file query37.txt (compact mmCIF, C-alpha atoms)
# COMPACT_ATOMS: atom_id res chain seq x y z
CA MET Z 586 -10.35 -11.24 2.62
CA ALA Z 587 -9.30 -8.09 4.48
CA GLY Z 588 -7.56 -6.75 7.52
CA ALA Z 589 -7.22 -9.18 10.37
CA ALA Z 590 -8.24 -12.04 8.08
CA ILE Z 591 -5.18 -11.41 5.86
CA MET Z 592 -2.89 -11.40 8.88
CA ALA Z 593 -4.59 -14.39 10.47
CA ALA Z 594 -4.37 -16.35 7.22
CA GLY Z 595 -0.62 -16.49 7.54
CA LEU Z 596 0.03 -13.72 5.04
CA ALA Z 597 1.84 -11.76 7.64
CA ALA Z 598 5.42 -12.89 8.04
CA PRO Z 599 7.60 -12.22 5.01
CA ALA Z 600 9.95 -15.03 6.10
CA LYS Z 601 7.19 -17.61 5.53
CA ALA Z 602 5.66 -18.75 2.27
CA LEU Z 603 2.60 -16.75 1.36
CA ASP Z 604 -0.33 -18.09 -0.54
CA LEU Z 605 -1.88 -15.03 -2.12
CA ARG Z 606 -4.51 -16.92 -4.12
CA ASN Z 607 -7.99 -15.43 -3.78
CA THR Z 608 -6.72 -12.39 -1.88
CA PRO Z 609 -7.11 -8.75 -2.95
CA PHE Z 610 -3.43 -8.87 -3.92
CA ALA Z 611 -4.05 -11.63 -6.48
CA VAL Z 612 -7.38 -10.32 -7.75
CA THR Z 613 -6.14 -6.75 -8.14
CA GLY Z 614 -2.78 -7.90 -9.44
CA GLN Z 615 -4.49 -9.72 -12.28
CA LEU Z 616 -6.62 -6.68 -13.14
CA ALA Z 617 -3.62 -4.33 -13.12
CA ARG Z 618 -1.17 -6.81 -14.69
CA LEU Z 619 0.98 -6.72 -11.55
CA ASP Z 620 2.66 -9.46 -9.57
CA PRO Z 621 0.56 -9.99 -6.41
CA TYR Z 622 3.81 -10.37 -4.44
CA LEU Z 623 4.83 -6.90 -5.62
CA LEU Z 624 1.50 -5.47 -4.44
CA TYR Z 625 1.89 -7.26 -1.11
CA ALA Z 626 5.47 -5.96 -0.74
CA VAL Z 627 4.37 -2.37 -1.42
CA SER Z 628 1.49 -2.63 1.05
CA TYR Z 629 3.77 -4.24 3.62
CA VAL Z 630 6.32 -1.43 3.35
CA GLU Z 631 3.56 1.19 3.39
CA SER Z 632 1.22 0.02 6.15
CA ARG Z 633 2.93 -2.74 8.13
CA LEU Z 634 1.49 -3.44 11.55
CA ASN Z 635 2.60 -5.93 14.15
CA ARG Z 636 -0.61 -7.01 15.86
CA LYS Z 637 -0.64 -9.83 18.39
CA GLY Z 638 2.43 -11.46 16.91
CA SER Z 639 1.25 -11.19 13.29
CA ASN Z 640 3.10 -8.78 11.07
CA GLY Z 641 1.61 -7.60 7.81
CA PRO Z 642 -0.03 -4.82 5.83
CA TRP Z 643 -2.99 -3.14 7.53
CA PRO Z 644 -5.92 -2.00 5.35
CA TYR Z 645 -7.12 0.65 7.80
CA ALA Z 646 -3.80 2.42 8.40
CA VAL Z 647 -3.96 6.22 8.48
CA ARG Z 648 -0.74 8.19 8.46
CA THR Z 649 -0.52 11.94 8.88
CA ALA Z 650 2.42 14.27 9.32
CA LYS Z 651 1.72 14.14 13.06
CA GLU Z 652 1.05 10.47 13.72
CA SER Z 653 0.34 6.99 12.38
CA TYR Z 654 -2.94 5.34 13.37
CA TYR Z 655 -3.98 1.70 13.07
CA PRO Z 656 -7.72 1.57 13.75
CA PRO Z 657 -9.04 -1.96 14.34
CA ASP Z 658 -11.62 -1.86 11.54
CA GLN Z 659 -13.00 0.18 8.66
CA SER Z 660 -15.68 1.83 10.78
CA SER Z 661 -13.12 3.08 13.31
CA ALA Z 662 -10.87 4.31 10.50
CA MET Z 663 -13.80 6.20 8.95
CA GLN Z 664 -14.62 7.78 12.30
CA LEU Z 665 -11.00 8.86 12.70
CA VAL Z 666 -10.87 10.42 9.23
CA MET Z 667 -14.24 12.17 9.65
CA THR Z 668 -13.11 13.81 12.88
CA MET Z 669 -9.61 14.67 11.72
CA PRO Z 670 -8.85 18.36 11.11
CA ALA Z 671 -9.11 19.14 7.39
CA ALA Z 672 -5.51 20.34 7.21
CA GLU Z 673 -4.28 17.06 8.68
CA LEU Z 674 -6.45 14.95 6.37
CA ALA Z 675 -5.39 16.95 3.29
CA ASP Z 676 -1.99 15.25 3.20
CA ALA Z 677 -2.81 11.94 4.90
CA ASP Z 678 -1.93 8.50 3.55
CA LEU Z 679 -4.81 6.04 3.77
CA GLY Z 680 -5.27 2.29 3.68
CA TRP Z 681 -2.90 -0.56 3.12
CA MET Z 682 -1.45 1.06 -0.01
CA GLN Z 683 -1.17 4.39 1.86
CA VAL Z 684 -2.77 6.37 -0.97
CA ASN Z 685 -2.00 10.05 -0.41
CA VAL Z 686 -5.08 12.30 -0.25
CA ARG Z 687 -3.32 15.38 -1.70
CA TRP Z 688 -1.90 13.59 -4.75
CA HIS Z 689 -4.53 10.94 -5.38
CA GLY Z 690 -7.73 11.90 -3.53
CA HIS Z 691 -9.19 12.99 -6.89
CA ARG Z 692 -9.29 9.33 -7.95
CA VAL Z 693 -12.32 8.67 -5.71
CA PRO Z 694 -15.58 10.61 -5.22
CA ASP Z 695 -14.86 10.93 -1.50
CA VAL Z 696 -11.54 10.31 0.28
CA SER Z 697 -13.29 8.07 2.79
CA HIS Z 698 -13.57 5.53 -0.06
CA LEU Z 699 -9.81 5.05 0.27
CA LEU Z 700 -10.53 3.23 3.53
CA ASN Z 701 -12.37 0.49 1.64
CA PRO Z 702 -9.68 -2.20 1.28
CA ASP Z 703 -10.69 -3.23 -2.25
CA ILE Z 704 -10.90 0.33 -3.54
CA ASN Z 705 -7.63 1.24 -1.83
CA MET Z 706 -5.88 -1.76 -3.38
CA ARG Z 707 -7.17 -0.90 -6.84
CA ILE Z 708 -6.20 2.76 -6.60
CA GLY Z 709 -2.76 1.84 -5.26
CA ALA Z 710 -2.30 -0.75 -8.00
CA GLY Z 711 -3.26 1.84 -10.60
CA ILE Z 712 -0.69 4.28 -9.24
CA LEU Z 713 1.96 1.53 -9.20
CA ARG Z 714 1.03 0.47 -12.75
CA GLU Z 715 1.43 4.10 -13.95
CA ALA Z 716 4.82 4.35 -12.25
CA ILE Z 717 6.03 1.10 -13.82
CA ASP Z 718 4.71 2.09 -17.24
CA SER Z 719 6.62 5.38 -16.94
CA LEU Z 720 9.96 3.52 -16.69
CA PRO Z 721 9.53 -0.01 -18.07
CA ARG Z 722 13.31 -0.57 -18.29
CA ASP Z 723 14.11 0.51 -14.72
CA LEU Z 724 11.89 -1.43 -12.33
CA GLU Z 725 13.73 -0.27 -9.22
CA LEU Z 726 13.16 3.43 -9.95
CA ALA Z 727 9.68 2.79 -11.33
CA VAL Z 728 8.59 1.04 -8.11
CA GLY Z 729 10.27 3.84 -6.17
CA ARG Z 730 8.08 6.33 -7.97
CA TYR Z 731 5.15 4.83 -6.09
CA HIS Z 732 6.67 6.52 -3.05
CA THR Z 733 8.21 9.64 -4.61
CA TRP Z 734 8.70 10.95 -8.13
CA MET Z 735 10.83 13.96 -7.24
CA ASP Z 736 13.65 12.46 -5.18
CA GLU Z 737 15.48 9.80 -7.20
CA PRO Z 738 17.81 8.57 -4.41
CA ARG Z 739 14.83 8.07 -2.07
CA ALA Z 740 12.82 6.47 -4.85
CA ARG Z 741 15.63 4.04 -5.64
CA GLU Z 742 16.04 3.10 -1.97
CA TYR Z 743 12.29 2.48 -1.70
CA GLY Z 744 12.30 0.45 -4.92
CA ARG Z 745 15.24 -1.66 -3.70
CA ARG Z 746 13.48 -2.32 -0.40
CA VAL Z 747 10.20 -3.34 -2.05
CA LEU Z 748 11.87 -5.51 -4.70
CA ALA Z 749 14.04 -7.24 -2.08
CA LEU Z 750 10.95 -8.02 -0.02
CA ARG Z 751 9.14 -9.31 -3.10
CA ALA Z 752 12.09 -11.58 -3.89
CA GLN Z 753 12.08 -12.85 -0.30
CA LEU Z 754 8.33 -13.51 -0.44
CA ARG Z 755 8.57 -15.37 -3.74
CA GLN Z 756 11.47 -17.55 -2.53
CA ALA Z 757 9.78 -18.55 0.71
call {"tool": "encode", "arguments": {"input": "query37.txt", "output": "structure tokens"}}
result
Amino acid sequence: MAGAAIMAAGLAAPAKALDLRNTPFAVTGQLARLDPYLLYAVSYVESRLNRKGSNGPWPYAVRTAKESYYPPDQSSAMQLVMTMPAAELADADLGWMQVNVRWHGHRVPDVSHLLNPDINMRIGAGILREAIDSLPRDLELAVGRYHTWMDEPRAREYGRRVLALRAQLRQA
């Protein structure tokens, strides 16, 4: 299930209960030994889009230093990335996990693969798993490392935000 189907399935509003069974969040979470609600919370913080009253992570989000784009589908996102100036693409964040091309583009044979929702989720989950494994006794900072390793105050703020959203999702 991807994109609009995730949002349409009621996985959009963090204030409502989410059933993540059989979603990329659950499947990838199991593979990476991660809570699917944590993956959802990270993707929500990274690529949230409010589309026609539904609010949730968007698998085709493209963010550059200049602008954020929310193409309607994978094909449109691919077209955007293929026509983007190389300098702009070199530091872009792609997909619902907003995988950064400069830091993590080497994890795929071609950066356009990061626009495939399943691949993007797996790469993002791998990055998150590495961050958590780096600080198993400090989940807040470890989750924050998904966003930044070099700026501890920013990382902690990010980690707090993601963990608070996860808690809200799990309680709903």
call {"tool": "closest_residue", "arguments": {"input": "query37.txt", "among": "Z:Leu713, Z:Pro670, Z:Leu619, Z:Gly641", "to": "Z:Gly744", "atoms": "all atoms listed in the file"}}
result
Z:Leu713
call {"tool": "closest_residue", "arguments": {"input": "query37.txt", "among": "Z:Val630, Z:Ala650, Z:Leu700, Z:Val747", "to": "Z:Ala675", "atoms": "only C-alpha atoms"}}
result
Z:Ala650
call {"tool": "residues_near_point", "arguments": {"input": "query37.txt", "point": "(1.7, -0.5, -11.1)", "cutoff": "10 Å", "atoms": "only C-alpha atoms", "output": "list of chain:residue names"}}
result
Z:Gly614, Z:Ala617, Z:Arg618, Z:Leu619, Z:Asp620, Z:Leu623, Z:Leu624, Z:Arg707, Z:Ile708, Z:Gly709, Z:Ala710, Z:Gly711, Z:Ile712, Z:Leu713, Z:Arg714, Z:Glu715, Z:Ala716, Z:Ile717, Z:Asp718, Z:Ser719, Z:Ala727, Z:Val728, Z:Arg730, Z:Tyr731
call {"tool": "atom_distance", "arguments": {"input": "query37.txt", "atom1": "atom CA of Z:Trp734", "atom2": "atom CA of Z:Ser628"}}
result
17.9 Å
call {"tool": "atom_distance", "arguments": {"input": "query37.txt", "atom1": "atom CA of Z:Thr649", "atom2": "atom CA of Z:Ala677"}}
result
4.6 Å
call {"tool": "atom_distance", "arguments": {"input": "query37.txt", "atom1": "atom CA of Z:Asp658", "atom2": "atom CA of Z:Tyr645"}}
result
6.4 Å
call {"tool": "axis_aligned_box", "arguments": {"input": "query37.txt", "around": "stretch 638-654 of chain Z", "padding_each_side": "6 Å", "output": "AutoDock Vina command-line options"}}
result
--center_x -2.0 --center_y 1.4 --center_z 11.1 --size_x 22.2 --size_y 37.7 --size_z 23.6
call {"tool": "closest_residue", "arguments": {"input": "query37.txt", "among": "Z:Pro694, Z:Arg739, Z:Arg636, Z:Leu603", "to": "Z:Tyr622", "atoms": "all atoms listed in the file"}}
result
Z:Leu603
call {"tool": "residues_around", "arguments": {"input": "query37.txt", "residues": "Z:Met669", "least_positions_apart": "2", "cutoff": "12 Å", "atoms": "all atoms listed in the file", "output": "JSON list (two decimals) with C-alpha atoms, in the frame of the given file"}}
result
[["chain", "number", "residue", "atom", "x", "y", "z"],
["Z", 647, "VAL", "CA", -3.96, 6.22, 8.48],
["Z", 648, "ARG", "CA", -0.74, 8.19, 8.46],
["Z", 649, "THR", "CA", -0.52, 11.94, 8.88],
["Z", 651, "LYS", "CA", 1.72, 14.14, 13.06],
["Z", 652, "GLU", "CA", 1.05, 10.47, 13.72],
["Z", 654, "TYR", "CA", -2.94, 5.34, 13.37],
["Z", 662, "ALA", "CA", -10.87, 4.31, 10.50],
["Z", 663, "MET", "CA", -13.80, 6.20, 8.95],
["Z", 664, "GLN", "CA", -14.62, 7.78, 12.30],
["Z", 665, "LEU", "CA", -11.00, 8.86, 12.70],
["Z", 666, "VAL", "CA", -10.87, 10.42, 9.23],
["Z", 667, "MET", "CA", -14.24, 12.17, 9.65],
["Z", 671, "ALA", "CA", -9.11, 19.14, 7.39],
["Z", 672, "ALA", "CA", -5.51, 20.34, 7.21],
["Z", 673, "GLU", "CA", -4.28, 17.06, 8.68],
["Z", 674, "LEU", "CA", -6.45, 14.95, 6.37],
["Z", 675, "ALA", "CA", -5.39, 16.95, 3.29],
["Z", 676, "ASP", "CA", -1.99, 15.25, 3.20],
["Z", 677, "ALA", "CA", -2.81, 11.94, 4.90],
["Z", 697, "SER", "CA", -13.29, 8.07, 2.79]]
call {"tool": "closest_residue", "arguments": {"input": "query37.txt", "among": "Z:Gln615, Z:Pro609, Z:Thr668, Z:Leu679", "to": "Z:Ser632", "atoms": "only C-alpha atoms"}}
result
Z:Leu679
